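Report on the structure given below.
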Amino acid sequence: MTKEEITIKVPSEVAEAYRNATEKEREQIEARISVLLKSSMTSKQERIAKLRQTMDEIGRRAADRGLTAEILESILNDDQ
């Protein structure tokens, strides 16, 4: 896995503690931050995938029950 450096803003005391940490401690901190960022990205991607899956399922069910693009268009235009 390739690694890339990023810059983030943190409170001064956090930055100082990081600078004073040993190499091993810094590696552990970097690993934890990496996991945190990756999990937050994965969660968002999973939510989007779930939404798309749900929308596809709704579309399939509607089509199975006879809803066509023309009928949907008619329904949507009735309110205007």
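Labels used: A, B, ... for chains in the order of the structure tokens, numbers from 1 for residues in each chain, and numbers from 1 for ligands as shown.
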
Exercise for review: Go through chain A and collect every residue that DSSP, computed from the backbone, puts in helix (DSSP H, G or I); the answer should be as a PyMOL selection string.
Suggested key: chain A and resi 12-20+23-64+69-78

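For the choices A:Leu51, A:Ile58, A:Ile6, A:Ala21, the atom-to-atom distance to Ile33 of chain A is smallest for A:Ile6 when using only C-alpha atoms.
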
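The space between atom CA of Lys44 of chain A and atom CA of Glu4 of chain A spans 21.7 Å.
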
Check your understanding: Smallest atom-to-atom distance to Ala31 of chain A: which of A:Lys3, A:Ile48, A:Glu70, A:Gly59, using only C-alpha atoms?
Key -> A:Lys3
